Structure formats: C-alpha cells, structure tokens
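Here's target-v2.cif, which has mmCIF, C-alpha atoms:
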```
data_coords
#
loop_
_atom_site.group_PDB
_atom_site.id
_atom_site.type_symbol
_atom_site.label_atom_id
_atom_site.label_comp_id
_atom_site.auth_asym_id
_atom_site.auth_seq_id
_atom_site.Cartn_x
_atom_site.Cartn_y
_atom_site.Cartn_z
ATOM 1 C CA MET A 1 10.194 7.852 -37.659
ATOM 2 C CA THR A 2 7.261 7.679 -40.107
ATOM 3 C CA LYS A 3 7.167 6.170 -43.595
ATOM 4 C CA LEU A 4 5.102 6.905 -46.691
ATOM 5 C CA SER A 5 3.748 4.190 -48.969
ATOM 6 C CA ILE A 6 1.531 4.148 -52.051
ATOM 7 C CA VAL A 7 -1.336 1.769 -52.701
ATOM 8 C CA THR A 8 -0.863 -0.281 -55.866
ATOM 9 C CA ILE A 9 -3.931 -1.926 -57.369
ATOM 10 C CA PRO A 10 -3.506 -4.026 -60.551
ATOM 11 C CA LEU A 11 -5.863 -3.087 -63.383
ATOM 12 C CA THR A 12 -6.969 -6.662 -63.809
ATOM 13 C CA ALA A 13 -8.031 -6.796 -60.184
ATOM 14 C CA VAL A 14 -10.056 -3.607 -60.511
ATOM 15 C CA ALA A 15 -11.713 -4.801 -63.669
ATOM 16 C CA ALA A 16 -12.523 -8.160 -62.105
ATOM 17 C CA LEU A 17 -14.142 -6.520 -59.084
ATOM 18 C CA ILE A 18 -16.244 -4.144 -61.185
ATOM 19 C CA PHE A 19 -17.269 -6.297 -64.099
ATOM 20 C CA GLY A 20 -17.599 -9.627 -62.350
ATOM 21 C CA GLY A 21 -14.419 -11.168 -63.611
ATOM 22 C CA ALA A 22 -12.265 -13.656 -61.767
ATOM 23 C CA LYS A 23 -11.633 -12.832 -58.141
ATOM 24 C CA ALA A 24 -8.240 -11.439 -57.290
ATOM 25 C CA GLU A 25 -6.789 -10.470 -53.965
ATOM 26 C CA PRO A 26 -5.158 -7.040 -54.107
ATOM 27 C CA THR A 27 -2.071 -6.515 -52.026
ATOM 28 C CA PHE A 28 -2.080 -3.539 -49.668
ATOM 29 C CA ALA A 29 0.907 -1.946 -48.047
ATOM 30 C CA GLN A 30 0.675 -0.618 -44.482
ATOM 31 C CA THR A 31 -1.226 2.548 -45.420
ATOM 32 C CA ALA A 32 -4.670 3.902 -46.253
ATOM 33 C CA PHE A 33 -6.118 5.875 -49.161
ATOM 34 C CA VAL A 34 -9.096 8.143 -49.562
ATOM 35 C CA PRO A 35 -10.796 8.417 -52.962
ATOM 36 C CA VAL A 36 -11.605 11.903 -54.187
ATOM 37 C CA ALA A 37 -14.869 10.959 -55.904
ATOM 38 C CA SER A 38 -17.328 8.146 -56.118
ATOM 39 C CA PRO A 39 -16.833 5.848 -59.113
ATOM 40 C CA THR A 40 -19.169 5.956 -62.057
ATOM 41 C CA THR A 41 -19.668 3.344 -64.687
ATOM 42 C CA SER A 42 -19.688 4.044 -68.371
ATOM 43 C CA THR A 43 -22.888 3.243 -70.203
ATOM 44 C CA SER A 44 -21.209 3.215 -73.572
ATOM 45 C CA LYS A 45 -20.265 -0.103 -74.968
ATOM 46 C CA SER A 46 -16.521 -0.656 -74.821
ATOM 47 C CA SER A 47 -14.181 -3.462 -74.190
ATOM 48 C CA PRO A 48 -13.360 -4.480 -70.602
ATOM 49 C CA ASP A 49 -9.794 -3.255 -70.962
ATOM 50 C CA GLN A 50 -10.976 0.204 -72.035
ATOM 51 C CA GLN A 51 -13.434 0.396 -69.144
ATOM 52 C CA ALA A 52 -10.789 -0.659 -66.690
ATOM 53 C CA GLN A 53 -8.352 1.943 -68.044
ATOM 54 C CA LEU A 54 -11.005 4.667 -67.765
ATOM 55 C CA PHE A 55 -11.798 3.618 -64.198
ATOM 56 C CA PHE A 56 -8.177 3.731 -63.218
ATOM 57 C CA GLN A 57 -7.695 7.197 -64.738
ATOM 58 C CA ARG A 58 -10.603 8.574 -62.699
ATOM 59 C CA PHE A 59 -9.174 7.175 -59.488
ATOM 60 C CA SER A 60 -5.557 7.901 -60.231
ATOM 61 C CA ALA A 61 -5.581 10.832 -57.780
ATOM 62 C CA VAL A 62 -5.466 9.486 -54.245
ATOM 63 C CA HIS A 63 -4.614 10.977 -50.913
ATOM 64 C CA ILE A 64 -1.561 9.402 -49.379
ATOM 65 C CA VAL A 65 -1.964 8.941 -45.659
ATOM 66 C CA GLN A 66 1.093 8.605 -43.496
ATOM 67 C CA ALA A 67 1.390 5.330 -41.679
ATOM 68 C CA VAL A 68 1.657 5.986 -37.994
ATOM 69 C CA VAL A 69 4.459 4.114 -36.334
ATOM 70 C CA PRO A 70 4.196 4.053 -32.551
ATOM 71 C CA THR A 71 7.202 5.451 -30.765
ATOM 72 C CA ALA A 72 8.373 5.152 -27.188
ATOM 73 C CA SER A 73 7.076 8.632 -26.431
ATOM 74 C CA ARG A 74 3.485 7.718 -27.295
ATOM 75 C CA ASN A 75 1.055 6.583 -24.617
ATOM 76 C CA ILE A 76 1.136 2.838 -24.173
ATOM 77 C CA HIS A 77 -2.676 2.786 -24.115
ATOM 78 C CA SER A 78 -2.763 4.095 -27.680
ATOM 79 C CA VAL A 79 -0.468 1.318 -28.854
ATOM 80 C CA ARG A 80 -2.680 -1.294 -27.225
ATOM 81 C CA GLY A 81 -5.782 0.221 -28.738
ATOM 82 C CA ILE A 82 -7.081 1.720 -25.473
ATOM 83 C CA SER A 83 -8.034 5.345 -25.479
ATOM 84 C CA PRO A 84 -6.370 7.352 -22.694
ATOM 85 C CA LEU A 85 -9.806 8.785 -21.943
ATOM 86 C CA PHE A 86 -11.079 5.360 -20.874
ATOM 87 C CA ALA A 87 -7.846 4.147 -19.341
ATOM 88 C CA LYS A 88 -8.044 3.089 -15.708
ATOM 89 C CA LYS A 89 -7.184 6.006 -13.505
ATOM 90 C CA LYS A 90 -4.433 5.582 -10.967
ATOM 91 C CA LYS A 91 -5.732 5.629 -7.406
ATOM 92 C CA ASN A 92 -4.491 8.312 -5.089
ATOM 93 C CA ASP A 93 -1.972 7.107 -2.554
ATOM 94 C CA THR A 94 -3.799 7.558 0.740
ATOM 95 C CA ALA A 95 -0.761 6.492 2.750
ATOM 96 C CA ALA A 96 1.280 9.396 1.479
ATOM 97 C CA GLY A 97 -0.515 11.824 3.764
ATOM 98 C CA LYS A 98 0.201 9.688 6.808
ATOM 99 C CA THR A 99 3.914 9.540 6.158
ATOM 100 C CA ASN A 100 4.064 13.337 6.082
ATOM 101 C CA LYS A 101 3.225 13.598 9.797
ATOM 102 C CA ILE A 102 5.873 14.544 12.327
ATOM 103 C CA GLN A 103 6.616 13.183 15.785
ATOM 104 C CA VAL A 104 6.102 15.501 18.762
ATOM 105 C CA LYS A 105 5.919 15.279 22.541
ATOM 106 C CA LEU A 106 3.100 17.071 24.341
ATOM 107 C CA THR A 107 4.140 19.351 27.199
ATOM 108 C CA LYS A 108 0.586 19.952 28.414
ATOM 109 C CA HIS A 109 -2.872 18.432 28.146
ATOM 110 C CA ILE A 110 -4.628 19.155 24.828
ATOM 111 C CA ALA A 111 -8.293 18.166 24.683
ATOM 112 C CA GLY A 112 -8.884 15.636 21.953
ATOM 113 C CA THR A 113 -5.142 15.241 21.312
ATOM 114 C CA GLY A 114 -3.424 13.785 24.384
ATOM 115 C CA GLN A 115 -1.931 14.217 27.828
ATOM 116 C CA ALA A 116 1.333 15.865 28.822
ATOM 117 C CA GLY A 117 4.218 13.532 28.067
ATOM 118 C CA ASP A 118 2.451 11.690 25.246
ATOM 119 C CA VAL A 119 4.455 11.165 22.035
ATOM 120 C CA ILE A 120 2.133 11.473 19.044
ATOM 121 C CA MET A 121 2.194 11.999 15.266
ATOM 122 C CA VAL A 122 0.616 15.221 13.971
ATOM 123 C CA ALA A 123 0.421 17.164 10.736
ATOM 124 C CA PRO A 124 3.199 19.775 10.331
ATOM 125 C CA ALA A 125 0.647 22.584 9.959
ATOM 126 C CA PHE A 126 -1.112 21.607 13.199
ATOM 127 C CA PHE A 127 2.189 21.626 15.062
ATOM 128 C CA THR A 128 3.348 24.948 13.624
ATOM 129 C CA ASN A 129 0.062 26.848 13.869
ATOM 130 C CA LYS A 130 -1.200 25.571 17.228
ATOM 131 C CA LEU A 131 1.016 23.315 19.320
ATOM 132 C CA GLN A 132 4.285 25.182 18.860
ATOM 133 C CA LYS A 133 2.749 28.656 19.192
ATOM 134 C CA THR A 134 1.064 27.754 22.482
ATOM 135 C CA GLY A 135 4.089 25.881 23.829
ATOM 136 C CA SER A 136 2.036 22.699 23.985
ATOM 137 C CA ALA A 137 4.502 20.385 22.223
ATOM 138 C CA VAL A 138 8.090 20.036 21.045
ATOM 139 C CA ARG A 139 9.678 18.069 18.221
ATOM 140 C CA ILE A 140 11.255 14.803 19.337
ATOM 141 C CA SER A 141 13.428 12.277 17.512
ATOM 142 C CA ASP A 142 13.264 8.487 17.643
ATOM 143 C CA GLU A 143 16.489 8.426 19.671
ATOM 144 C CA GLU A 144 15.022 10.801 22.244
ATOM 145 C CA VAL A 145 11.871 8.687 22.447
ATOM 146 C CA ALA A 146 13.962 5.569 23.071
ATOM 147 C CA GLN A 147 15.949 7.350 25.785
ATOM 148 C CA GLY A 148 12.756 8.606 27.392
ATOM 149 C CA ASN A 149 11.204 5.143 27.362
ATOM 150 C CA GLN A 150 14.287 3.645 28.985
ATOM 151 C CA LYS A 151 14.323 6.362 31.625
ATOM 152 C CA LYS A 152 10.640 5.779 32.298
ATOM 153 C CA ALA A 153 11.169 2.018 32.622
ATOM 154 C CA ASP A 154 14.019 2.575 35.078
ATOM 155 C CA GLY A 155 11.879 4.919 37.145
ATOM 156 C CA GLU A 156 8.970 2.480 37.219
ATOM 157 C CA LYS A 157 11.259 -0.306 38.400
ATOM 158 C CA GLN A 158 12.636 1.873 41.192
ATOM 159 C CA ALA A 159 9.119 2.841 42.273
ATOM 160 C CA LEU A 160 8.019 -0.808 42.281
ATOM 161 C CA ASP A 161 11.017 -1.844 44.355
ATOM 162 C CA ALA A 162 10.332 0.951 46.844
ATOM 163 C CA ALA A 163 6.641 0.011 47.083
ATOM 164 C CA ASN A 164 7.432 -3.637 47.765
ATOM 165 C CA ASP A 165 9.928 -2.600 50.423
ATOM 166 C CA LEU A 166 7.258 -0.485 52.144
ATOM 167 C CA LYS A 167 4.784 -3.355 51.903
ATOM 168 C CA ASN A 168 7.180 -5.581 53.841
ATOM 169 C CA LYS A 169 7.528 -2.927 56.542
ATOM 170 C CA PHE A 170 3.763 -2.503 56.909
ATOM 171 C CA SER A 171 3.248 -6.254 57.325
ATOM 172 C CA SER A 172 4.667 -6.031 60.855
ATOM 173 C CA PHE A 173 3.648 -2.470 61.627
ATOM 174 C CA THR A 174 1.049 -1.427 64.199
ATOM 175 C CA MET A 175 -0.097 2.140 64.612
ATOM 176 C CA THR A 176 -1.600 3.447 67.829
ATOM 177 C CA LEU A 177 -3.651 6.649 68.077
ATOM 178 C CA SER A 178 -5.005 8.166 71.258
ATOM 179 C CA LYS A 179 -7.919 10.565 71.443
ATOM 180 C CA LYS A 180 -10.246 11.915 74.103
ATOM 181 C CA THR A 181 -13.483 10.045 74.415
ATOM 182 C CA GLY A 182 -16.898 10.586 75.864
ATOM 183 C CA PRO A 183 -19.338 8.203 77.398
ATOM 184 C CA ASN A 184 -19.533 4.724 75.869
ATOM 185 C CA GLY A 185 -16.139 5.148 74.151
ATOM 186 C CA HIS A 186 -17.216 7.681 71.549
ATOM 187 C CA LEU A 187 -14.416 9.923 70.296
ATOM 188 C CA PHE A 188 -14.502 13.682 70.562
ATOM 189 C CA GLY A 189 -13.980 14.244 66.869
ATOM 190 C CA ALA A 190 -13.517 11.550 64.290
ATOM 191 C CA ILE A 191 -10.213 10.294 62.924
ATOM 192 C CA ASN A 192 -10.313 10.563 59.156
ATOM 193 C CA TYR A 193 -8.070 9.090 56.480
ATOM 194 C CA LYS A 194 -6.046 12.280 56.087
ATOM 195 C CA ALA A 195 -5.228 12.400 59.800
ATOM 196 C CA ILE A 196 -3.954 8.816 59.684
ATOM 197 C CA MET A 197 -1.642 9.622 56.737
ATOM 198 C CA THR A 198 -0.293 12.658 58.599
ATOM 199 C CA GLU A 199 0.652 10.499 61.589
ATOM 200 C CA LEU A 200 2.203 7.822 59.374
ATOM 201 C CA LYS A 201 4.559 10.337 57.752
ATOM 202 C CA LYS A 202 5.775 11.337 61.212
ATOM 203 C CA ASP A 203 6.511 7.765 62.243
ATOM 204 C CA ASN A 204 10.187 6.837 62.401
ATOM 205 C CA ALA A 205 9.435 3.315 61.140
ATOM 206 C CA PHE A 206 9.565 4.665 57.569
ATOM 207 C CA PRO A 207 12.305 6.650 55.807
ATOM 208 C CA LYS A 208 11.658 10.361 55.605
ATOM 209 C CA GLY A 209 9.709 11.203 52.464
ATOM 210 C CA ALA A 210 8.947 7.549 51.671
ATOM 211 C CA LEU A 211 5.192 8.192 52.002
ATOM 212 C CA ASP A 212 5.095 11.617 50.344
ATOM 213 C CA ALA A 213 4.096 10.443 46.860
ATOM 214 C CA LYS A 214 0.624 11.672 45.941
ATOM 215 C CA TRP A 215 -0.604 8.187 45.037
ATOM 216 C CA ILE A 216 0.166 6.824 48.521
ATOM 217 C CA LYS A 217 -2.999 7.085 50.584
ATOM 218 C CA ILE A 218 -5.345 5.197 52.875
ATOM 219 C CA SER A 219 -7.771 3.298 50.670
ATOM 220 C CA GLY A 220 -9.940 1.632 53.317
ATOM 221 C CA ILE A 221 -10.440 0.805 56.996
ATOM 222 C CA LEU A 222 -12.261 -2.183 58.513
ATOM 223 C CA THR A 223 -13.029 -3.044 62.121
ATOM 224 C CA ASP A 224 -10.832 -5.843 63.443
ATOM 225 C CA GLU A 225 -12.834 -8.665 64.987
ATOM 226 C CA GLY A 226 -9.740 -10.679 65.963
ATOM 227 C CA GLU A 227 -8.181 -13.811 64.463
ATOM 228 C CA ASN A 228 -7.733 -11.957 61.161
ATOM 229 C CA ASN A 229 -11.500 -11.494 60.894
ATOM 230 C CA THR A 230 -12.617 -8.110 59.675
ATOM 231 C CA GLY A 231 -15.946 -6.491 60.304
ATOM 232 C CA ALA A 232 -17.701 -3.393 59.059
ATOM 233 C CA ALA A 233 -16.067 -0.856 56.811
ATOM 234 C CA VAL A 234 -15.428 2.638 58.084
ATOM 235 C CA ASP A 235 -17.098 5.345 56.046
ATOM 236 C CA PRO A 236 -14.268 7.498 54.625
ATOM 237 C CA LYS A 237 -16.474 10.594 54.849
ATOM 238 C CA HIS A 238 -17.015 10.239 58.591
ATOM 239 C CA GLY A 239 -13.857 8.394 59.709
ATOM 240 C CA ILE A 240 -13.346 6.477 62.942
ATOM 241 C CA LYS A 241 -15.686 7.576 65.733
ATOM 242 C CA GLU A 242 -15.099 4.932 68.397
ATOM 243 C CA VAL A 243 -12.168 3.358 70.184
ATOM 244 C CA GLY A 244 -11.220 -0.122 69.030
ATOM 245 C CA ASP A 245 -9.009 -2.198 66.792
ATOM 246 C CA TYR A 246 -8.980 -1.646 63.070
ATOM 247 C CA VAL A 247 -7.260 -2.870 59.923
ATOM 248 C CA ALA A 248 -6.212 -0.110 57.542
ATOM 249 C CA THR A 249 -5.230 -0.569 53.902
ATOM 250 C CA ILE A 250 -2.730 1.765 52.304
ATOM 251 C CA ALA A 251 -2.177 2.053 48.543
ATOM 252 C CA LEU A 252 1.546 2.229 47.816
ATOM 253 C CA LEU A 253 1.541 1.987 44.027
ATOM 254 C CA LYS A 254 -0.799 0.864 41.298
ATOM 255 C CA GLY A 255 -1.352 -2.813 42.017
ATOM 256 C CA VAL A 256 0.596 -2.710 45.300
ATOM 257 C CA SER A 257 -1.066 -2.193 48.690
ATOM 258 C CA ALA A 258 -0.462 -3.208 52.295
ATOM 259 C CA ASP A 259 -2.542 -3.773 55.422
ATOM 260 C CA PHE A 260 -1.537 -2.715 58.914
ATOM 261 C CA LYS A 261 -3.109 -2.722 62.342
ATOM 262 C CA LEU A 262 -4.556 0.497 63.704
ATOM 263 C CA LEU A 263 -5.390 0.755 67.413
ATOM 264 C CA VAL A 264 -7.527 3.649 68.633
ATOM 265 C CA LYS A 265 -7.456 4.210 72.412
ATOM 266 C CA SER A 266 -8.909 6.646 74.840
ATOM 267 C CA ASP A 267 -6.608 9.430 75.914
#
```
Would you give me this structure, written as structure tokens?
Amino acid sequence: MTKLSIVTIPLTAVAALIFGGAKAEPTFAQTAFVPVASPTTSTSKSSPDQQAQLFFQRFSAVHIVQAVVPTASRNIHSVRGISPLFAKKKKNDTAAGKTNKIQVKLTKHIAGTGQAGDVIMVAPAFFTNKLQKTGSAVRISDEEVAQGNQKKADGEKQALDAANDLKNKFSSFTMTLSKKTGPNGHLFGAINYKAIMTELKKDNAFPKGALDAKWIKISGILTDEGENNTGAAVDPKHGIKEVGDYVATIALLKGVSADFKLLVKSD
C-alpha cells in the first residue's frame, strides 16, 4: 500500500536560507517534490518577511510524488538497491541433463556405445530414435539389473569351480597320440593344436561336454626334457612334427590353466 505526504517548509527557514539568516534544519517527510520554476529574487526593497512571503507564493505549487513502499511482490534486488539488470545470473544446472537419462541394456554391439549385455545410461531420444527401432537395447529397471548381476555372479562361480575341477584332473593326466613316421622319427603330417583338442574331447577321463566351451583351448606346447625340465616351444602354426615327449598347456578359464603330458609315438 502506498502513502502520500506533503513537504512542509517553514517560512523562516526559507527566508534564512535565501537571505543569509540563521541556519535552520527543515524537516522532510518520506517524499520528494519537484519545483515548477526556478526561483527569482526581487530587486525591489522590501522587508525580509515580505520577500519570504513572495518566495513562498511562487513555490506554493509543487508536484507531490508518491512514496514507494516496497512490497513482497517486488524484486528483492530493487529493495536492496541492486538493479535486476546487474543482478548475478543464476547458473544453469548442468546436472539436470544427466538425471534425465534412462537405463537400458544393450542386446547387440553398438560401435562407440557398448557391447551386448552392457547396462548403460542414454538419453531418451537416443533410445527411442535409434536403439529401440533397431532392436539394439531394451529398458531395464534397477531390480532387473540386480537380478542379472546375481545371476552372472552365480554363473561365474560355477564356471570357476568347474575349471578348478578340470585342473585337478589334468594334473595326473597323460595323453598318448600315435602317428605314422618316416625316417629319423619325422611324422607324416604334423599334429596341431586343434587336433589335440579334438582327441581330448573324445577322452573318457573328462565328462562329456566339459571341454566344449569356446575359451578352452591349447595355449602352448613345450618339449619335455625330463625331470620337469622343458625345452623348446612348438610353433602353433606348424604343430608337432616329431615323435617325443611334450608338455601341453590348456586354458580352462581366464586365469586358470593346467599342464598335462603329451606323448607322441610312431604308429
């Protein structure tokens, strides 16, 4: 709510200010006034009271200005004397965009995005316009992620247990292969890594299907010099070309491998 007030100036104060009389402090209310004309001084000789009365009559018309009372609806910067134009601008919330992303699970490899099975956060538009249309991802909840992680952990534990069980079996396992040879014990046709894996899968020493996983493979072969001494490595590209005793290494799982004896004889 606004209020109106009128400026009151005593005649004695005006006369004192103009004609050099005693100083007086006028009292102002909370308002402002605008004079309509510049004051002029009379050149005719008259008493101070007459001059003061004439001066007051000339300035009797004043413009009353409403006193502005700040309200709750006004900008707080105006109340504090700060112009809204120069007020400090509020920074944009950069984290808001991140929280708008949705959680999805990739069903196939997407270059620059992730592999099949990865759970990632993407923008809704990217999911709707690309991933969902191409069948490359599906929406997934936190509960489903937790269930998937638990299932994955259980599977990894089972695989590790199975790998360690196979490692124990290979520690006492010896494989014997026979092949026709020529002069000086040279084989007619080399025995490569793939051929060794094929024979291992046929061996009754291991449960059926126990060696079928794609990560199980022969990772190296060395000549056996006796007394647990190994010699030269067999080139995987050329395989075994001569009869003799060897030590083969088989990879059973990431971080788990086993060695076993491999005897190659003449047929």
- Item | Near-stretch 171-186 of chain A list (12 Å; all atoms listed in the file; drop same-chain fewer than 4 positions) as an MDAnalysis selection string | chainID A and resid 164:167 190:192 195:206 240:250 257:267
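Atom pair atom CA of A:Tyr193 / atom CA of A:Ile218: separated by 6.0 Å.
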- Message: Evaluated on this file, the PyMOL selection byres ((chain A and resi 141) around 10) picks out some residues - which ones are they, written as a VMD selection string?
- Response: chain A and resid 102 to 105 139 to 140 142 to 147
- Query: Between atom CA of A:Ala213 and atom CA of A:Leu106, what is the spacing in Å?
  - Reply: 23.5 Å
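Here the question is which of A:Lys101, A:Lys254, A:Lys151, A:Lys133 gets nearest to A:Lys217 using all atoms listed in the file, and that residue is A:Lys254.
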- For A:Ala137, list every protein, DNA or RNA residue within 12 Å, evaluated using all atoms listed in the file, and leave out those in the same chain fewer than 3 positions away; present the list as a ChimeraX atom specification. /A:102-110,113-122,124,126-134,140
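Going from atom CA of A:Pro236 to atom CA of A:Leu253 covers 19.8 Å.
Candidate residues A:Gly189, A:Lys208, A:Phe170, A:Leu222 were compared for distance to A:Ala251, and the nearest is A:Phe170, using all atoms listed in the file.
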